[in-house]
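A.B. asks: Coordinates in work28.txt, compact mmCIF, C-alpha atoms, are listed below.
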# COMPACT_ATOMS: atom_id res chain seq x y z
CA MET A 1 -9.42 3.49 -29.61
CA ARG A 2 -6.51 4.12 -27.20
CA THR A 3 -3.99 3.72 -30.02
CA ASN A 4 -5.88 6.01 -32.41
CA ARG A 5 -3.74 9.11 -32.97
CA ALA A 6 -6.70 11.47 -33.31
CA PHE A 7 -8.16 10.19 -30.04
CA GLN A 8 -4.82 10.48 -28.25
CA LEU A 9 -4.34 14.06 -29.48
CA ALA A 10 -7.85 15.08 -28.45
CA ALA A 11 -7.56 13.43 -25.04
CA GLY A 12 -4.09 14.83 -24.36
CA THR A 13 -5.17 18.35 -25.32
CA THR A 14 -8.28 18.06 -23.15
CA PHE A 15 -6.24 16.94 -20.15
CA ALA A 16 -3.80 19.82 -20.62
CA TYR A 17 -6.56 22.43 -20.65
CA TYR A 18 -8.34 20.74 -17.76
CA PHE A 19 -5.31 20.85 -15.50
CA LYS A 20 -4.70 24.47 -16.50
CA LEU A 21 -8.20 25.13 -15.18
CA VAL A 22 -7.41 23.31 -11.93
CA ALA A 23 -4.17 25.26 -11.46
CA LYS A 24 -5.77 28.62 -12.18
CA THR A 25 -8.78 28.10 -9.92
CA SER A 26 -7.02 26.50 -6.94
CA ARG A 27 -5.61 28.54 -4.05
CA PHE A 28 -2.14 27.10 -3.59
CA VAL A 29 0.38 27.47 -0.82
CA VAL A 30 3.99 26.64 -1.59
CA GLU A 31 6.37 25.30 1.04
CA PRO A 32 9.07 26.30 1.66
CA GLU A 33 8.28 29.82 0.50
CA ASN A 34 11.77 30.43 -0.94
CA ILE A 35 11.96 27.11 -2.74
CA PHE A 36 12.34 28.66 -6.18
CA ASP A 37 15.50 30.46 -5.08
CA THR A 38 16.88 27.11 -3.88
CA ILE A 39 15.98 25.33 -7.12
CA ASP A 40 17.46 28.11 -9.24
CA GLU A 41 20.76 27.75 -7.38
CA GLN A 42 20.82 23.97 -7.91
CA MET A 43 19.65 23.66 -11.54
CA PRO A 44 19.55 21.45 -13.43
CA VAL A 45 17.74 19.21 -10.97
CA ILE A 46 15.91 15.88 -10.94
CA LEU A 47 12.34 16.49 -9.84
CA THR A 48 10.70 13.35 -8.49
CA PHE A 49 7.21 12.50 -7.25
CA TRP A 50 4.87 9.55 -6.83
CA HIS A 51 3.22 7.98 -9.86
CA GLY A 52 -0.36 9.20 -10.19
CA GLN A 53 0.33 12.33 -8.12
CA HIS A 54 2.07 14.27 -10.85
CA PHE A 55 -0.66 15.91 -12.94
CA LEU A 56 -0.12 19.43 -11.60
CA THR A 57 3.68 19.40 -11.45
CA PRO A 58 4.12 21.29 -14.77
CA PHE A 59 2.57 24.30 -13.02
CA ALA A 60 5.11 24.22 -10.19
CA MET A 61 7.76 25.59 -12.53
CA LYS A 62 8.60 29.14 -13.47
CA PRO A 63 8.67 30.04 -17.18
CA HIS A 64 12.49 29.84 -17.34
CA HIS A 65 12.55 26.34 -15.82
CA LYS A 66 13.09 24.16 -18.86
CA ALA A 67 12.30 20.50 -18.21
CA LYS A 68 11.68 17.12 -19.75
CA VAL A 69 9.58 14.43 -18.09
CA LEU A 70 10.04 10.68 -18.28
CA ILE A 71 6.90 8.99 -19.64
CA SER A 72 6.51 5.31 -20.48
CA ARG A 73 6.13 3.97 -24.01
CA HIS A 74 2.77 2.36 -23.22
CA ALA A 75 -0.11 3.38 -25.50
CA ASP A 76 -2.07 4.92 -22.63
CA ALA A 77 0.96 7.03 -21.69
CA GLN A 78 0.92 8.67 -25.11
CA ILE A 79 -1.99 10.79 -23.88
CA ASN A 80 0.10 11.95 -20.93
CA ALA A 81 2.98 12.75 -23.28
CA ILE A 82 0.76 14.90 -25.49
CA ALA A 83 -0.64 16.71 -22.43
CA ALA A 84 2.87 17.40 -21.12
CA GLU A 85 4.01 18.79 -24.45
CA LYS A 86 0.91 21.01 -24.65
CA LEU A 87 1.96 22.41 -21.27
CA GLY A 88 5.45 23.20 -22.52
CA VAL A 89 7.26 20.21 -21.00
CA GLY A 90 9.46 18.02 -23.18
CA THR A 91 9.22 14.24 -22.97
CA ILE A 92 11.61 11.31 -22.67
CA ARG A 93 10.00 7.97 -23.45
CA GLY A 94 10.77 4.89 -21.36
CA SER A 95 10.10 3.52 -17.88
CA GLY A 96 11.65 1.64 -15.03
CA SER A 97 11.03 -1.94 -13.98
CA THR A 98 11.82 -4.41 -11.24
CA SER A 99 13.53 -6.80 -13.69
CA ASN A 100 16.44 -6.24 -16.06
CA ARG A 101 14.58 -7.86 -18.96
CA ASP A 102 11.60 -5.53 -18.67
CA PHE A 103 13.92 -2.57 -18.05
CA HIS A 104 15.48 -3.08 -21.48
CA ARG A 105 12.17 -3.88 -23.17
CA LYS A 106 10.51 -0.75 -21.81
CA GLY A 107 13.31 1.50 -23.01
CA GLY A 108 14.81 2.06 -19.58
CA VAL A 109 18.42 2.04 -20.78
CA SER A 110 17.96 4.51 -23.63
CA ALA A 111 15.77 6.72 -21.44
CA THR A 112 18.44 6.79 -18.72
CA TYR A 113 21.08 7.93 -21.21
CA GLU A 114 18.70 10.57 -22.57
CA MET A 115 18.02 11.87 -19.05
CA LEU A 116 21.75 12.09 -18.36
CA ASN A 117 22.29 13.97 -21.63
CA THR A 118 19.37 16.28 -20.86
CA LEU A 119 20.82 17.18 -17.47
CA ALA A 120 24.27 17.69 -19.03
CA GLU A 121 22.64 20.23 -21.35
CA GLY A 122 21.35 22.17 -18.35
CA VAL A 123 17.71 21.07 -18.65
CA ASN A 124 15.80 19.76 -15.63
CA VAL A 125 14.45 16.21 -15.62
CA ALA A 126 11.20 15.10 -13.97
CA MET A 127 10.40 11.47 -13.22
CA THR A 128 8.28 9.33 -10.95
CA ALA A 129 10.21 7.70 -8.13
CA ASP A 130 8.17 4.49 -8.06
CA VAL A 131 8.05 1.94 -10.87
CA PRO A 132 4.85 0.57 -12.45
CA LYS A 133 2.73 -1.76 -10.31
CA ILE A 134 4.69 -1.02 -7.10
CA ALA A 135 3.07 2.15 -5.82
CA ARG A 136 4.92 4.54 -3.54
CA ARG A 137 8.08 2.49 -3.25
CA VAL A 138 11.14 4.29 -4.61
CA GLY A 139 12.99 2.33 -7.29
CA LEU A 140 16.66 2.57 -8.19
CA GLY A 141 16.05 4.67 -11.31
CA VAL A 142 15.99 8.12 -9.75
CA VAL A 143 19.03 7.52 -7.52
CA THR A 144 20.95 6.01 -10.45
CA VAL A 145 20.32 9.10 -12.58
CA ALA A 146 21.44 11.29 -9.67
CA ARG A 147 24.56 9.16 -9.18
CA TYR A 148 25.81 9.40 -12.74
CA SER A 149 24.68 12.98 -13.43
CA GLY A 150 25.88 14.53 -10.18
CA ARG A 151 22.64 16.51 -10.03
CA PRO A 152 20.40 16.73 -6.94
CA ILE A 153 17.08 14.96 -6.50
CA ILE A 154 14.26 17.33 -5.51
CA PRO A 155 11.28 15.45 -3.98
CA VAL A 156 7.97 17.17 -4.79
CA ALA A 157 4.37 16.62 -3.71
CA MET A 158 1.28 18.47 -4.89
CA ALA A 159 -2.21 17.94 -3.55
CA THR A 160 -5.63 19.55 -3.74
CA ARG A 161 -8.43 19.43 -1.22
CA ASN A 162 -10.89 18.64 -3.99
CA ARG A 163 -9.79 15.41 -5.64
CA ILE A 164 -10.95 11.96 -6.62
CA THR A 165 -8.75 8.97 -5.79
CA LEU A 166 -8.94 6.59 -8.73
CA ASN A 167 -9.14 2.81 -8.39
CA SER A 168 -5.79 2.21 -10.06
CA TRP A 169 -2.57 0.49 -8.98
CA ASP A 170 -0.98 3.87 -8.18
CA ARG A 171 -4.05 5.33 -6.40
CA ALA A 172 -3.87 8.25 -8.81
CA SER A 173 -5.42 11.54 -7.74
CA LEU A 174 -7.68 13.35 -10.17
CA ASN A 175 -7.39 16.93 -8.97
CA LEU A 176 -10.56 19.00 -9.12
CA PRO A 177 -10.82 22.78 -9.61
CA PHE A 178 -12.05 25.56 -7.30
CA GLY A 179 -10.42 24.58 -4.04
CA ARG A 180 -7.40 24.65 -1.82
CA GLY A 181 -4.06 23.18 -2.84
CA ALA A 182 -0.47 22.79 -1.65
CA ALA A 183 2.93 22.19 -3.20
CA VAL A 184 5.66 20.96 -0.85
CA VAL A 185 9.29 20.43 -1.81
CA GLY A 186 11.91 18.45 0.10
CA GLU A 187 15.58 19.19 0.63
CA PRO A 188 17.95 18.39 -2.28
CA ILE A 189 19.39 14.87 -2.15
CA PHE A 190 22.78 14.16 -3.72
CA VAL A 191 24.17 10.72 -4.58
CA ALA A 192 27.94 10.28 -4.82
CA ARG A 193 29.22 8.73 -8.04
CA ASP A 194 31.48 6.28 -6.18
CA VAL A 195 28.72 5.10 -3.84
CA ASP A 196 28.57 1.34 -3.14
CA ASP A 197 25.42 -0.81 -3.11
CA ALA A 198 24.73 -0.05 0.54
CA GLY A 199 25.11 3.67 -0.09
CA LEU A 200 22.78 3.51 -3.09
CA GLN A 201 20.17 1.76 -0.95
CA ALA A 202 20.62 4.43 1.72
CA ALA A 203 20.03 7.13 -0.90
CA ARG A 204 16.88 5.34 -2.05
CA ASP A 205 15.68 5.15 1.55
CA GLN A 206 16.33 8.88 1.93
CA VAL A 207 14.24 9.68 -1.15
CA GLN A 208 11.52 7.33 0.17
CA ALA A 209 11.39 9.10 3.53
CA SER A 210 11.40 12.55 1.95
CA LEU A 211 8.61 11.76 -0.51
CA GLU A 212 6.49 10.26 2.25
CA ALA A 213 7.02 13.37 4.36
CA VAL A 214 6.30 15.96 1.65
CA THR A 215 3.26 14.00 0.46
CA ALA A 216 1.78 13.87 3.95
CA ARG A 217 2.53 17.56 4.45
CA ALA A 218 1.00 18.60 1.10
CA GLU A 219 -2.17 16.60 1.75
CA ALA A 220 -2.48 18.04 5.29
CA LEU A 221 -2.02 21.60 4.04
CA ALA A 222 -4.46 21.12 1.18
CA CYS A 223 -7.10 19.74 3.52
CA GLY A 224 -6.58 22.44 6.14
CA GLU A 225 -5.26 19.92 8.70
CA ALA A 226 -1.94 21.71 9.23
CA THR A 227 -0.73 25.24 9.82
CA THR A 228 -0.27 26.98 6.49
CA LEU A 229 2.22 29.55 5.34
CA PRO A 230 1.60 33.18 6.25
CA ARG A 231 0.35 33.92 2.76
CA THR A 232 -1.46 32.09 0.01
CA SER A 233 0.63 31.81 -3.13
CA GLY A 234 -0.51 31.16 -6.66
CA LEU A 235 1.48 28.71 -8.72
CA PRO A 236 4.15 30.45 -10.79
CA LYS A 237 2.99 29.06 -14.08
CA GLY A 238 -0.41 28.26 -15.45
Just give me the structure of the file as structure tokens.

C.D. replies:
Amino acid sequence: MRTNRAFQLAAGTTFAYYFKLVAKTSRFVVEPENIFDTIDEQMPVILTFWHGQHFLTPFAMKPHHKAKVLISRHADAQINAIAAEKLGVGTIRGSGSTSNRDFHRKGGVSATYEMLNTLAEGVNVAMTADVPKIARRVGLGVVTVARYSGRPIIPVAMATRNRITLNSWDRASLNLPFGRGAAVVGEPIFVARDVDDAGLQAARDQVQASLEAVTARAEALACGEATTLPRTSGLPKG
């Protein structure tokens, strides 16, 4: 069933319309308030977030923010790819891995080149920071793309008060409509092209710390456990 094209198309379309509903009916705050000015000045950028926490990220863009998202080649991921395309986001197929053999098998090399070409064309790239089966631990993929593209990494976290945490390896959040939400963005992170192994690890640690911070902040804001911005802001796209 999961590999049936008709099923994948129906499921992907359903997910796209469902998350449109969530975005339209949730009261979002965005932090920092001027983040879109910052992103516009830095584009193209590499948006990164935790696996399983990314379902609402297409709505954190403005209409002129062209982007492609990295999605694995796995059959289940085809539904995500269809949903992304229905929401106006292009796709790059491939995924990271903890081993070189799997990295090649999963299309990691070709996907990396495609991301670099996409950024060179002035189009933003979105990708999860963690690799499959190792939740919330930044892999080398995102810092490698930043290193060879010269483009900044923008850590992003989105959360809603109403959500279901799924029993999956990535603790994915199924966002629910009609509630409070928050989108929090970290400072841009650059990686020098001539960085050595120690510097690359330091960059990965910086992305790790930033994602942990923005995720905690977004969840606290969404749940009303932290001081919010002076105004409530709808998402710019939906």

A.B. asks: Could you check the closest approach to Glu187 in chain A for each of A:Phe19, A:Ile79, A:Glu31, A:Gly94 and tell me which residue wins, using all atoms listed in the file?

C.D. replies: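 Ranking A:Phe19, A:Ile79, A:Glu31, A:Gly94 by distance to Glu187 in chain A, first place goes to A:Glu31.
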
A.B. asks: Tell me, in Å to one decimal, how far CA of Ala135 in chain A is from CA of Ile82 in chain A.

C.D. replies: 23.6 Å

A.B. asks: Edge lengths and centre, in Å to one decimal, as AutoDock Vina command-line options: that's what I need for the box along x, y and z that holds all listed atoms of range 179-189 of chain A plus 5 Å on each side.

C.D. replies:
--center_x 4.5 --center_y 19.8 --center_z -1.7 --size_x 39.8 --size_y 19.8 --size_z 14.7

A.B. asks: Hey, could you make a per-residue contact list for range 187-224 of chain A against range 148-171 of chain A with 6 Å as the cut-off, showing the nearest pair of atoms and its distance in Å to one decimal, counting only C-alpha atoms, sorted by chain and number, as a Markdown table?

C.D. replies:
| residue | atom | partner | partner_atom | distance |
| --- | --- | --- | --- | --- |
| A:Pro188 | CA | A:Ile154 | CA | 5.0 |
| A:Ile189 | CA | A:Ile153 | CA | 4.9 |
| A:Phe190 | CA | A:Pro152 | CA | 4.8 |
| A:Arg193 | CA | A:Tyr148 | CA | 5.8 |
| A:Leu211 | CA | A:Pro155 | CA | 5.7 |
| A:Val214 | CA | A:Ala157 | CA | 5.7 |
| A:Thr215 | CA | A:Ala157 | CA | 5.0 |
| A:Ala218 | CA | A:Ala159 | CA | 5.7 |
| A:Glu219 | CA | A:Ala159 | CA | 5.5 |
| A:Ala222 | CA | A:Arg161 | CA | 4.9 |
| A:Cys223 | CA | A:Arg161 | CA | 4.9 |

A.B. asks: Which residues are close to range 105-121 of chain A, i.e. within 8 Å by only C-alpha atoms, leaving aside same-chain residues fewer than 6 positions away? Reply as a list in words.

C.D. replies: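 Once the adjacent positions are removed, what remains is Pro44, Val45, Lys68, Leu70, Ser72, Arg73, Ile92, Arg93, Gly94, Ser95, Gly96, Ser97, Val145, Tyr148, Ser149 and Arg151 of chain A.
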
A.B. asks: What's the separation between CA of Arg180 in chain A and CA of Glu225 in chain A, in Å to one decimal place?

C.D. replies: 11.7 Å

A.B. asks: Excluding Asp197 in chain A and any residue of its chain fewer than 4 positions from it, enumerate the residues within 12 Å of it, using only C-alpha atoms, and give them as a list in words.

C.D. replies: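 Here the answer would be Leu140, Val143, Thr144, Arg147, Val191, Ala192, Arg193, Gln201, Ala202, Ala203 and Arg204 of chain A.
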